[in-house]
file model_18.txt (compact mmCIF, C-alpha atoms and all ligand atoms)
# COMPACT_ATOMS: atom_id res chain seq x y z
CA MET A 1 -107.34 -282.10 196.16
CA ALA A 2 -110.41 -283.42 194.33
CA ASP A 3 -110.98 -287.17 194.95
CA GLY A 4 -107.96 -287.10 197.28
CA LYS A 5 -105.78 -287.31 194.17
CA LYS A 6 -102.47 -285.52 193.91
CA ARG A 7 -102.23 -282.76 191.40
CA LEU A 8 -100.09 -283.24 188.31
CA LEU A 9 -99.17 -280.52 185.83
CA THR A 10 -97.02 -280.63 182.77
CA GLY A 11 -96.29 -278.25 179.92
CA LEU A 12 -95.35 -278.66 176.31
CA GLN A 13 -93.98 -276.02 174.01
CA PRO A 14 -95.77 -275.80 170.65
CA SER A 15 -92.43 -275.36 168.96
CA GLY A 16 -92.48 -277.80 166.04
CA GLN A 17 -93.54 -281.06 164.48
CA LEU A 18 -93.70 -283.92 166.97
CA HIS A 19 -91.50 -286.96 166.49
CA ILE A 20 -91.45 -290.45 167.98
CA GLY A 21 -88.92 -289.29 170.62
CA ASN A 22 -91.55 -286.87 171.96
CA TYR A 23 -94.11 -289.67 171.84
CA PHE A 24 -92.13 -292.14 173.95
CA GLY A 25 -90.51 -289.43 176.06
CA VAL A 26 -93.57 -287.41 177.09
CA LEU A 27 -96.87 -288.15 175.34
CA LYS A 28 -97.11 -291.86 176.11
CA PRO A 29 -95.95 -291.55 179.75
CA PHE A 30 -98.58 -288.84 180.27
CA VAL A 31 -101.32 -290.92 178.66
CA ASP A 32 -100.34 -293.93 180.77
CA THR A 33 -100.48 -292.10 184.11
CA TYR A 34 -102.66 -288.97 184.01
CA GLU A 35 -105.86 -290.63 185.22
CA GLY A 36 -104.25 -291.43 188.56
CA TYR A 37 -103.96 -287.70 189.30
CA GLU A 38 -105.91 -284.50 189.03
CA SER A 39 -104.14 -283.64 185.81
CA PHE A 40 -103.36 -280.37 184.06
CA LEU A 41 -101.85 -280.23 180.60
CA MET A 42 -100.62 -276.82 179.58
CA ILE A 43 -99.54 -275.60 176.16
CA ALA A 44 -96.60 -273.29 176.93
CA ASP A 45 -97.12 -270.85 174.08
CA TYR A 46 -95.54 -267.85 175.85
CA HIS A 47 -92.40 -269.91 176.42
CA THR A 48 -92.33 -270.70 172.71
CA LEU A 49 -92.27 -266.96 171.86
CA THR A 50 -88.71 -266.92 173.21
CA THR A 51 -87.65 -268.89 170.12
CA LEU A 52 -90.44 -268.80 167.51
CA LYS A 53 -91.42 -265.55 165.83
CA ASP A 54 -93.79 -266.86 163.17
CA PRO A 55 -97.42 -266.26 164.24
CA ALA A 56 -99.01 -268.60 161.67
CA GLN A 57 -96.62 -271.37 162.66
CA LEU A 58 -97.27 -270.85 166.37
CA ARG A 59 -101.03 -271.05 165.80
CA GLN A 60 -100.71 -274.22 163.74
CA ASN A 61 -98.32 -275.87 166.23
CA THR A 62 -100.70 -275.06 169.10
CA LEU A 63 -103.64 -276.73 167.38
CA ASP A 64 -101.48 -279.69 166.39
CA ILE A 65 -100.08 -280.34 169.84
CA VAL A 66 -103.57 -280.54 171.34
CA ARG A 67 -104.60 -282.87 168.50
CA ALA A 68 -101.56 -285.01 169.26
CA TYR A 69 -102.52 -285.48 172.91
CA LEU A 70 -106.10 -286.33 172.03
CA ALA A 71 -104.97 -288.77 169.34
CA ALA A 72 -102.51 -290.37 171.75
CA GLY A 73 -105.41 -291.08 174.13
CA VAL A 74 -106.00 -288.15 176.50
CA ASP A 75 -109.68 -287.79 177.37
CA PRO A 76 -110.37 -284.03 177.70
CA SER A 77 -113.05 -284.69 180.31
CA LYS A 78 -110.38 -286.23 182.57
CA ALA A 79 -107.65 -283.57 182.30
CA VAL A 80 -107.64 -279.79 182.20
CA ILE A 81 -106.09 -278.91 178.84
CA PHE A 82 -105.31 -275.22 178.50
CA LYS A 83 -103.11 -272.61 176.90
CA GLN A 84 -100.69 -270.64 179.09
CA SER A 85 -101.44 -267.33 177.34
CA ASP A 86 -105.16 -267.65 178.20
CA ILE A 87 -104.36 -267.29 181.91
CA SER A 88 -102.76 -263.88 182.44
CA GLU A 89 -101.94 -264.80 186.05
CA HIS A 90 -98.94 -266.82 184.77
CA THR A 91 -97.05 -263.79 183.44
CA GLU A 92 -98.19 -261.70 186.39
CA LEU A 93 -96.83 -264.16 188.95
CA ALA A 94 -93.64 -264.64 186.93
CA TRP A 95 -92.97 -260.91 187.38
CA ILE A 96 -93.30 -261.20 191.14
CA PHE A 97 -90.88 -264.15 191.21
CA GLU A 98 -88.43 -262.16 189.08
CA THR A 99 -88.32 -259.55 191.83
CA LEU A 100 -87.31 -262.27 194.32
CA VAL A 101 -84.51 -264.09 192.51
CA THR A 102 -81.13 -262.73 191.49
CA VAL A 103 -79.50 -262.48 188.09
CA PRO A 104 -76.56 -264.77 189.10
CA PHE A 105 -79.09 -267.39 190.22
CA LEU A 106 -80.82 -267.35 186.83
CA MET A 107 -77.46 -267.38 185.05
CA GLN A 108 -76.87 -270.89 186.37
CA ALA A 109 -79.67 -272.36 184.24
CA HIS A 110 -78.24 -275.08 181.97
CA SER A 111 -81.08 -274.78 179.52
CA TYR A 112 -80.43 -271.05 179.01
CA LYS A 113 -76.71 -271.62 178.59
CA ASP A 114 -77.26 -274.51 176.15
CA LYS A 115 -79.69 -272.54 174.03
CA VAL A 116 -77.40 -269.53 173.82
CA ALA A 117 -74.45 -271.82 173.04
CA LYS A 118 -76.51 -273.28 170.17
CA GLY A 119 -76.82 -269.79 168.73
CA LEU A 120 -80.29 -268.79 169.93
CA GLU A 121 -80.76 -265.11 170.69
CA ALA A 122 -80.16 -264.41 174.39
CA ASN A 123 -83.41 -262.45 174.77
CA ALA A 124 -84.63 -261.48 178.24
CA GLY A 125 -87.59 -263.85 177.91
CA LEU A 126 -85.24 -266.78 177.44
CA PHE A 127 -83.31 -265.66 180.50
CA ASN A 128 -86.44 -265.31 182.67
CA TYR A 129 -87.93 -268.54 181.29
CA PRO A 130 -87.55 -270.48 184.58
CA MET A 131 -89.65 -267.95 186.51
CA LEU A 132 -92.53 -268.21 184.05
CA MET A 133 -92.28 -271.98 184.37
CA ALA A 134 -92.26 -271.62 188.16
CA ALA A 135 -95.48 -269.60 187.92
CA ASP A 136 -97.03 -272.29 185.66
CA ILE A 137 -96.35 -274.91 188.29
CA LEU A 138 -96.95 -273.01 191.54
CA LEU A 139 -100.23 -271.28 190.67
CA TYR A 140 -101.94 -274.65 190.80
CA ASP A 141 -100.33 -276.04 193.98
CA THR A 142 -98.89 -278.79 191.82
CA ASP A 143 -97.54 -281.89 193.57
CA ILE A 144 -95.93 -283.63 190.61
CA VAL A 145 -94.35 -282.31 187.43
CA PRO A 146 -93.55 -285.04 184.92
CA VAL A 147 -90.82 -283.78 182.62
CA GLY A 148 -87.77 -285.12 180.82
CA GLN A 149 -84.31 -285.02 182.30
CA ASP A 150 -83.56 -281.75 180.47
CA GLN A 151 -86.24 -279.97 182.53
CA ARG A 152 -85.21 -281.22 185.95
CA GLN A 153 -83.35 -278.07 186.91
CA HIS A 154 -86.33 -275.92 185.92
CA VAL A 155 -88.46 -277.74 188.47
CA GLU A 156 -85.77 -277.04 191.06
CA TYR A 157 -86.04 -273.37 190.14
CA ALA A 158 -89.78 -273.58 190.78
CA ARG A 159 -89.15 -275.03 194.23
CA GLU A 160 -86.67 -272.26 194.93
CA ALA A 161 -89.15 -269.58 193.81
CA ALA A 162 -91.79 -271.08 196.13
CA ALA A 163 -89.34 -271.08 199.05
CA LYS A 164 -88.24 -267.49 198.38
CA PHE A 165 -91.83 -266.28 198.26
CA ASN A 166 -92.88 -268.26 201.34
CA ASN A 167 -89.89 -266.96 203.32
CA THR A 168 -90.54 -263.37 202.34
CA TYR A 169 -94.33 -263.19 202.55
CA GLY A 170 -95.48 -266.24 204.52
CA GLN A 171 -96.58 -269.74 203.51
CA THR A 172 -98.37 -269.49 200.16
CA PHE A 173 -97.01 -272.00 197.65
CA THR A 174 -96.65 -275.78 197.69
CA GLU A 175 -93.17 -276.88 196.73
CA PRO A 176 -93.58 -279.46 193.95
CA GLY A 177 -92.41 -282.90 195.10
CA GLU A 178 -88.98 -284.45 194.52
CA LYS A 179 -90.40 -287.14 192.31
CA ILE A 180 -90.10 -285.22 189.10
CA SER A 181 -90.53 -288.05 186.65
CA ASP A 182 -89.34 -291.53 186.05
CA THR A 183 -86.31 -291.24 183.88
CA VAL A 184 -87.45 -291.95 180.36
CA ALA A 185 -85.05 -293.53 177.97
CA VAL A 186 -83.68 -291.24 175.32
CA VAL A 187 -85.03 -292.27 171.92
CA PRO A 188 -82.25 -292.25 169.32
CA GLY A 189 -82.69 -290.58 165.95
CA VAL A 190 -81.88 -291.95 162.49
CA ASP A 191 -78.21 -291.08 163.04
CA GLY A 192 -77.98 -292.74 166.46
CA GLN A 193 -77.79 -289.42 168.40
CA LYS A 194 -80.75 -288.27 170.58
CA MET A 195 -83.73 -287.75 168.30
CA SER A 196 -84.34 -284.01 168.21
CA LYS A 197 -85.93 -281.60 165.79
CA SER A 198 -82.84 -279.44 166.06
CA TYR A 199 -80.63 -282.28 164.77
CA GLY A 200 -82.79 -283.07 161.72
CA ASN A 201 -82.70 -286.79 162.60
CA THR A 202 -86.36 -287.43 163.42
CA ILE A 203 -89.04 -289.89 162.46
CA PRO A 204 -92.23 -287.79 162.38
CA LEU A 205 -95.01 -289.07 164.62
CA PHE A 206 -97.92 -288.07 162.42
CA GLY A 207 -96.14 -288.18 159.08
CA SER A 208 -97.65 -290.13 156.18
CA LYS A 209 -96.77 -293.79 155.72
CA ASP A 210 -94.29 -292.77 153.02
CA GLU A 211 -92.66 -290.08 155.15
CA ILE A 212 -92.17 -292.55 157.98
CA ALA A 213 -90.78 -295.21 155.61
CA LYS A 214 -88.40 -292.68 154.08
CA ALA A 215 -87.07 -291.67 157.50
CA VAL A 216 -86.65 -295.33 158.50
CA MET A 217 -84.76 -296.13 155.30
CA SER A 218 -82.34 -293.31 156.12
CA ILE A 219 -81.31 -294.86 159.48
CA VAL A 220 -77.52 -294.97 159.56
CA THR A 221 -76.12 -298.52 159.74
CA ASP A 222 -72.60 -299.84 160.02
CA SER A 223 -71.27 -302.51 157.69
CA SER A 224 -70.39 -305.22 160.19
CA GLY A 225 -73.05 -307.50 158.67
CA GLU A 226 -74.48 -308.22 162.10
CA ARG A 227 -77.38 -306.52 163.82
CA PRO A 228 -77.91 -302.87 162.79
CA ALA A 229 -77.81 -301.22 166.22
CA ASN A 230 -79.62 -298.01 165.28
CA VAL A 231 -82.49 -299.90 163.65
CA TYR A 232 -82.82 -302.26 166.61
CA ALA A 233 -82.78 -299.43 169.17
CA ILE A 234 -85.87 -297.87 167.60
CA HIS A 235 -87.49 -301.22 166.79
CA LYS A 236 -87.58 -302.31 170.43
CA LEU A 237 -89.91 -299.42 171.24
CA PHE A 238 -92.49 -300.94 168.92
CA LYS A 239 -92.07 -304.68 169.46
CA SER A 240 -91.01 -306.92 172.33
CA GLU A 241 -87.37 -307.94 172.39
CA ALA A 242 -88.46 -311.60 172.39
CA ASP A 243 -90.22 -311.10 169.04
CA LEU A 244 -87.29 -309.14 167.69
CA GLU A 245 -84.76 -311.85 168.56
CA SER A 246 -86.13 -314.28 165.99
CA LEU A 247 -86.65 -311.60 163.35
CA TYR A 248 -83.12 -310.24 163.69
CA GLU A 249 -81.68 -313.77 163.65
CA GLU A 250 -83.61 -314.72 160.54
CA LYS A 251 -82.73 -311.50 158.72
CA LYS A 252 -79.17 -311.27 159.93
CA GLY A 253 -77.23 -308.85 157.71
CA LYS A 254 -80.33 -307.98 155.63
CA TYR A 255 -80.56 -304.36 156.64
CA LYS A 256 -83.12 -303.37 154.04
CA ASP A 257 -85.54 -306.13 155.12
CA LEU A 258 -85.12 -305.17 158.77
CA LYS A 259 -85.81 -301.52 158.01
CA GLU A 260 -88.93 -302.49 156.06
CA ALA A 261 -90.09 -304.56 159.01
CA LEU A 262 -89.50 -301.59 161.32
CA ALA A 263 -91.41 -299.22 159.03
CA GLU A 264 -94.34 -301.65 159.08
CA ASP A 265 -94.26 -301.98 162.85
CA ILE A 266 -94.21 -298.21 163.29
CA GLU A 267 -97.08 -297.88 160.83
CA ARG A 268 -99.14 -300.41 162.76
CA VAL A 269 -98.84 -298.35 165.98
CA VAL A 270 -99.10 -294.93 164.39
CA ALA A 271 -101.85 -295.47 161.78
CA PRO A 272 -104.81 -295.51 164.22
CA MET A 273 -103.44 -292.44 166.04
CA ARG A 274 -102.86 -290.62 162.76
CA GLU A 275 -106.44 -291.33 161.72
CA LYS A 276 -107.76 -289.80 164.95
CA TYR A 277 -105.32 -286.89 164.68
CA ASN A 278 -106.48 -286.02 161.17
CA ALA A 279 -110.15 -286.24 162.15
CA ILE A 280 -109.97 -283.69 165.00
CA THR A 281 -111.20 -280.30 163.82
CA GLU A 282 -109.92 -276.86 164.74
CA GLU A 283 -113.32 -276.12 166.33
CA GLU A 284 -113.03 -279.12 168.64
CA VAL A 285 -109.57 -278.05 169.75
CA LYS A 286 -110.70 -274.48 170.41
CA LYS A 287 -113.68 -275.70 172.43
CA ILE A 288 -111.46 -277.94 174.58
CA LEU A 289 -109.00 -275.10 175.19
CA LYS A 290 -111.81 -272.72 176.10
CA GLU A 291 -113.26 -275.14 178.64
CA GLY A 292 -109.79 -275.86 180.01
CA ALA A 293 -109.05 -272.14 180.35
CA GLU A 294 -112.21 -271.62 182.41
CA LYS A 295 -111.20 -274.30 184.88
CA ALA A 296 -107.58 -273.15 185.08
CA LYS A 297 -108.58 -269.50 185.44
CA ALA A 298 -110.79 -270.25 188.44
CA ILE A 299 -107.85 -271.76 190.32
CA ALA A 300 -105.19 -269.29 189.17
CA SER A 301 -107.24 -266.18 189.88
CA THR A 302 -108.08 -267.31 193.41
CA LYS A 303 -104.40 -267.90 194.07
CA MET A 304 -103.44 -264.49 192.72
CA VAL A 305 -105.93 -262.70 194.99
CA ASP A 306 -103.98 -264.14 197.91
CA VAL A 307 -100.59 -263.32 196.33
CA ARG A 308 -101.55 -259.70 195.61
CA LYS A 309 -102.69 -259.26 199.20
CA LYS A 310 -99.53 -260.82 200.60
CA VAL A 311 -97.12 -258.66 198.57
CA GLY A 312 -99.10 -255.49 199.33
CA VAL A 313 -100.37 -254.41 195.93
CA SER A 314 -104.05 -254.93 196.80
CA LEU A 315 -105.21 -252.08 198.96
P1 LIG A 401 -86.62 -281.55 170.56
O1 LIG A 401 -85.37 -282.12 171.20
O2 LIG A 401 -87.03 -282.31 169.34
O3 LIG A 401 -86.52 -280.06 170.33
P2 LIG A 401 -88.29 -280.79 172.74
O4 LIG A 401 -87.12 -280.19 173.43
O5 LIG A 401 -89.33 -279.91 172.18
O6 LIG A 401 -87.76 -281.78 171.60
O7 LIG A 401 -88.90 -281.89 173.71
C1 LIG A 401 -90.18 -281.90 174.23
C2 LIG A 401 -90.21 -283.03 175.24
O8 LIG A 401 -89.96 -284.30 174.60
C3 LIG A 401 -89.14 -282.86 176.33
O9 LIG A 401 -89.75 -283.04 177.60
C4 LIG A 401 -88.14 -283.96 176.07
O10 LIG A 401 -87.65 -284.52 177.29
C5 LIG A 401 -88.91 -285.00 175.26
N1 LIG A 401 -88.02 -285.56 174.23
C6 LIG A 401 -87.51 -284.91 173.16
N2 LIG A 401 -86.71 -285.71 172.43
C7 LIG A 401 -86.69 -286.92 173.05
C8 LIG A 401 -86.03 -288.17 172.79
N3 LIG A 401 -85.24 -288.33 171.73
N4 LIG A 401 -86.23 -289.17 173.65
C9 LIG A 401 -87.03 -289.03 174.74
N5 LIG A 401 -87.69 -287.87 175.05
C10 LIG A 401 -87.53 -286.82 174.21
N1 LIG A 402 -90.01 -275.93 179.68
C1 LIG A 402 -90.77 -277.11 179.30
C2 LIG A 402 -90.12 -277.75 178.04
O1 LIG A 402 -89.52 -277.06 177.25
C3 LIG A 402 -92.20 -276.74 179.01
C4 LIG A 402 -92.91 -276.18 180.21
C5 LIG A 402 -93.33 -274.91 180.40
C6 LIG A 402 -93.32 -276.91 181.38
N2 LIG A 402 -93.99 -274.78 181.58
C7 LIG A 402 -94.00 -275.96 182.22
C8 LIG A 402 -93.16 -278.23 181.78
C9 LIG A 402 -94.51 -276.36 183.45
C10 LIG A 402 -93.70 -278.61 183.03
C11 LIG A 402 -94.36 -277.66 183.85
O2 LIG A 402 -90.29 -278.95 177.84
call {"tool": "encode", "arguments": {"input": "model_18.txt", "output": "structure tokens"}}
result
Amino acid sequence: MADGKKRLLTGLQPSGQLHIGNYFGVLKPFVDTYEGYESFLMIADYHTLTTLKDPAQLRQNTLDIVRAYLAAGVDPSKAVIFKQSDISEHTELAWIFETLVTVPFLMQAHSYKDKVAKGLEANAGLFNYPMLMAADILLYDTDIVPVGQDQRQHVEYAREAAAKFNNTYGQTFTEPGEKISDTVAVVPGVDGQKMSKSYGNTIPLFGSKDEIAKAVMSIVTDSSGERPANVYAIHKLFKSEADLESLYEEKKGKYKDLKEALAEDIERVVAPMREKYNAITEEEVKKILKEGAEKAKAIASTKMVDVRKKVGVSL
């Protein structure tokens, strides 16, 4: 690999407004580590089509997610930022993997079962989702895939797809390493459950100062008169526990004051990012994605020449 660095690839679905759970769960860990690797950041727009059927919304989310990464500190000259749908090799390779794995094997996917249990349509794309994700990862000979706990099994599927292909057609794909990601703490939402856009309990990452304050004021507290656990759990992401000790002692039982302090602390961290986020134009994003697509395409197309030869479709 270039500079002897290992290759890292991660993907994000442009499926909705980002919240502070996404920030601490995926954006910040990526920003903190990506320079140590040859890094690829992929916007998984074809995956999002399994659940989002609003073209204007998909376009907007795609632009916004790239803006979010740039605002959070990713330097586009140090990572390949690209859109999955720009590289047709991803869907092409996914098809080949689908011919190698069985229906019962795909039926074991927790993510598929969870989504269907939540009431999402069991479309064939949702079912085949892990093979498209395997193609995303394997086309680039990825060593490391940083993802949240919920995506762990999908990376195992990618390893399995690599092994199946290699066994059938000869050594072709690198199996992504065991070290999937360091387990990131689950950020709680305003109701104390995991913060998630599907639970309506989020604090928006790039919301206005008022939107953030409103969400913070809605944090559910008990009436014990002691420390409001849900406020504290979010607060400690923004301030050291040593600093919080004295604040929470001084304001013991004063929930409103503590929430106001939290809103201010969030604002202090978010305001500079929000300023950058709002300043990034659509043209800049498109230019970055175009340059990223050129770099990704060069790697993916070379790999697919080999794959087509191995399976026997190139004459
Ligand atoms: P949501 O649950 O809001 O739909 P996504 O499923 O789109 O979020 O999550 C995108 C990424 O952000 C995933 O890799 C996930 O692990 C991470 N993430 C989402 N919510 C949280 C949270 N509350 N705490 C930590 N990480 C999170
Ligand atoms: N399935 C991932 C999620 O929902 C997104 C994703 C798609 C991905 N392709 C990927 C993550 C490849 C890592 C590598 O969060």
call {"tool": "residues_around", "arguments": {"input": "model_18.txt", "residues": "Gly200 of chain A", "least_positions_apart": "3", "cutoff": "9 Å", "atoms": "all atoms listed in the file", "output": "ChimeraX atom specification"}}
result
/A:189-190,195-197
call {"tool": "residues_near_ligand", "arguments": {"input": "model_18.txt", "ligand": "ligand LIG 401 (chain A)", "cutoff": "8 Å", "atoms": "all atoms listed in the file", "output": "PDB file with C-alpha atoms, in the frame of the given file"}}
result
ATOM      1  CA  LEU A  12     -95.350-278.660 176.310  1.00  0.00           C
ATOM      2  CA  GLN A  13     -93.980-276.020 174.010  1.00  0.00           C
ATOM      3  CA  PRO A  14     -95.770-275.800 170.650  1.00  0.00           C
ATOM      4  CA  SER A  15     -92.430-275.360 168.960  1.00  0.00           C
ATOM      5  CA  GLY A  16     -92.480-277.800 166.040  1.00  0.00           C
ATOM      6  CA  LEU A  18     -93.700-283.920 166.970  1.00  0.00           C
ATOM      7  CA  HIS A  19     -91.500-286.960 166.490  1.00  0.00           C
ATOM      8  CA  ILE A  20     -91.450-290.450 167.980  1.00  0.00           C
ATOM      9  CA  GLY A  21     -88.920-289.290 170.620  1.00  0.00           C
ATOM     10  CA  ASN A  22     -91.550-286.870 171.960  1.00  0.00           C
ATOM     11  CA  TYR A  23     -94.110-289.670 171.840  1.00  0.00           C
ATOM     12  CA  PHE A  24     -92.130-292.140 173.950  1.00  0.00           C
ATOM     13  CA  GLY A  25     -90.510-289.430 176.060  1.00  0.00           C
ATOM     14  CA  VAL A  26     -93.570-287.410 177.090  1.00  0.00           C
ATOM     15  CA  LEU A  27     -96.870-288.150 175.340  1.00  0.00           C
ATOM     16  CA  VAL A 147     -90.820-283.780 182.620  1.00  0.00           C
ATOM     17  CA  GLY A 148     -87.770-285.120 180.820  1.00  0.00           C
ATOM     18  CA  GLN A 149     -84.310-285.020 182.300  1.00  0.00           C
ATOM     19  CA  ASP A 150     -83.560-281.750 180.470  1.00  0.00           C
ATOM     20  CA  GLN A 151     -86.240-279.970 182.530  1.00  0.00           C
ATOM     21  CA  VAL A 184     -87.450-291.950 180.360  1.00  0.00           C
ATOM     22  CA  ALA A 185     -85.050-293.530 177.970  1.00  0.00           C
ATOM     23  CA  VAL A 186     -83.680-291.240 175.320  1.00  0.00           C
ATOM     24  CA  VAL A 187     -85.030-292.270 171.920  1.00  0.00           C
ATOM     25  CA  PRO A 188     -82.250-292.250 169.320  1.00  0.00           C
ATOM     26  CA  GLY A 189     -82.690-290.580 165.950  1.00  0.00           C
ATOM     27  CA  LYS A 194     -80.750-288.270 170.580  1.00  0.00           C
ATOM     28  CA  MET A 195     -83.730-287.750 168.300  1.00  0.00           C
ATOM     29  CA  SER A 196     -84.340-284.010 168.210  1.00  0.00           C
ATOM     30  CA  LYS A 197     -85.930-281.600 165.790  1.00  0.00           C
ATOM     31  CA  SER A 198     -82.840-279.440 166.060  1.00  0.00           C
ATOM     32  CA  TYR A 199     -80.630-282.280 164.770  1.00  0.00           C
ATOM     33  CA  THR A 202     -86.360-287.430 163.420  1.00  0.00           C
TER      34      THR A 202
END
call {"tool": "atom_distance", "arguments": {"input": "model_18.txt", "atom1": "atom CA of Glu264 of chain A", "atom2": "atom CA of Ala233 of chain A"}}
result
15.5 Å
call {"tool": "closest_residue", "arguments": {"input": "model_18.txt", "among": "A:Arg227, A:Lys287, A:Lys256, A:Arg159", "to": "ligand LIG 402 (chain A)", "atoms": "all atoms listed in the file"}}
result
A:Arg159
call {"tool": "residues_near_ligand", "arguments": {"input": "model_18.txt", "ligand": "ligand LIG 402 (chain A)", "cutoff": "8 Å", "atoms": "all atoms listed in the file", "output": "compact mmCIF listing (two decimals) with C-alpha atoms, in the coordinates of the input"}}
result
# COMPACT_ATOMS: atom_id res chain seq x y z
CA LEU A 9 -99.17 -280.52 185.83
CA THR A 10 -97.02 -280.63 182.77
CA GLY A 11 -96.29 -278.25 179.92
CA LEU A 12 -95.35 -278.66 176.31
CA GLN A 13 -93.98 -276.02 174.01
CA MET A 42 -100.62 -276.82 179.58
CA ILE A 43 -99.54 -275.60 176.16
CA ALA A 44 -96.60 -273.29 176.93
CA HIS A 47 -92.40 -269.91 176.42
CA TYR A 129 -87.93 -268.54 181.29
CA PRO A 130 -87.55 -270.48 184.58
CA LEU A 132 -92.53 -268.21 184.05
CA MET A 133 -92.28 -271.98 184.37
CA ALA A 134 -92.26 -271.62 188.16
CA ASP A 136 -97.03 -272.29 185.66
CA ILE A 137 -96.35 -274.91 188.29
CA VAL A 145 -94.35 -282.31 187.43
CA PRO A 146 -93.55 -285.04 184.92
CA VAL A 147 -90.82 -283.78 182.62
CA GLY A 148 -87.77 -285.12 180.82
CA ASP A 150 -83.56 -281.75 180.47
CA GLN A 151 -86.24 -279.97 182.53
CA HIS A 154 -86.33 -275.92 185.92
CA VAL A 155 -88.46 -277.74 188.47
call {"tool": "closest_residue", "arguments": {"input": "model_18.txt", "among": "A:Tyr255, A:Tyr248, A:Phe165, A:Tyr277", "to": "Lys310 of chain A", "atoms": "all atoms listed in the file"}}
result
A:Phe165
call {"tool": "residues_near_point", "arguments": {"input": "model_18.txt", "point": "(-85.3, -303.3, 160.8)", "cutoff": "7 Å", "atoms": "all atoms listed in the file", "output": "PDB file with C-alpha atoms, in the coordinates of the input"}}
result
ATOM      1  CA  VAL A 231     -82.490-299.900 163.650  1.00  0.00           C
ATOM      2  CA  TYR A 232     -82.820-302.260 166.610  1.00  0.00           C
ATOM      3  CA  HIS A 235     -87.490-301.220 166.790  1.00  0.00           C
ATOM      4  CA  TYR A 255     -80.560-304.360 156.640  1.00  0.00           C
ATOM      5  CA  ASP A 257     -85.540-306.130 155.120  1.00  0.00           C
ATOM      6  CA  LEU A 258     -85.120-305.170 158.770  1.00  0.00           C
ATOM      7  CA  LYS A 259     -85.810-301.520 158.010  1.00  0.00           C
ATOM      8  CA  GLU A 260     -88.930-302.490 156.060  1.00  0.00           C
ATOM      9  CA  ALA A 261     -90.090-304.560 159.010  1.00  0.00           C
ATOM     10  CA  LEU A 262     -89.500-301.590 161.320  1.00  0.00           C
TER      11      LEU A 262
END
call {"tool": "residues_around", "arguments": {"input": "model_18.txt", "residues": "Leu70 of chain A", "least_positions_apart": "2", "cutoff": "10 Å", "atoms": "all atoms listed in the file", "output": "MDAnalysis selection string"}}
result
chainID A and resid 27 31 64:68 72:76 273 276:277 280 285
call {"tool": "write_last_selection", "arguments": {"input": "model_18.txt", "atoms": "C-alpha atoms", "output": "PDB file, in the coordinates of the input"}}
result
ATOM      1  CA  LEU A  27     -96.870-288.150 175.340  1.00  0.00           C
ATOM      2  CA  VAL A  31    -101.320-290.920 178.660  1.00  0.00           C
ATOM      3  CA  ASP A  64    -101.480-279.690 166.390  1.00  0.00           C
ATOM      4  CA  ILE A  65    -100.080-280.340 169.840  1.00  0.00           C
ATOM      5  CA  VAL A  66    -103.570-280.540 171.340  1.00  0.00           C
ATOM      6  CA  ARG A  67    -104.600-282.870 168.500  1.00  0.00           C
ATOM      7  CA  ALA A  68    -101.560-285.010 169.260  1.00  0.00           C
ATOM      8  CA  ALA A  72    -102.510-290.370 171.750  1.00  0.00           C
ATOM      9  CA  GLY A  73    -105.410-291.080 174.130  1.00  0.00           C
ATOM     10  CA  VAL A  74    -106.000-288.150 176.500  1.00  0.00           C
ATOM     11  CA  ASP A  75    -109.680-287.790 177.370  1.00  0.00           C
ATOM     12  CA  PRO A  76    -110.370-284.030 177.700  1.00  0.00           C
ATOM     13  CA  MET A 273    -103.440-292.440 166.040  1.00  0.00           C
ATOM     14  CA  LYS A 276    -107.760-289.800 164.950  1.00  0.00           C
ATOM     15  CA  TYR A 277    -105.320-286.890 164.680  1.00  0.00           C
ATOM     16  CA  ILE A 280    -109.970-283.690 165.000  1.00  0.00           C
ATOM     17  CA  VAL A 285    -109.570-278.050 169.750  1.00  0.00           C
TER      18      VAL A 285
END
call {"tool": "atom_distance", "arguments": {"input": "model_18.txt", "atom1": "atom CA of Ala279 of chain A", "atom2": "atom CA of Pro55 of chain A"}}
result
23.8 Å
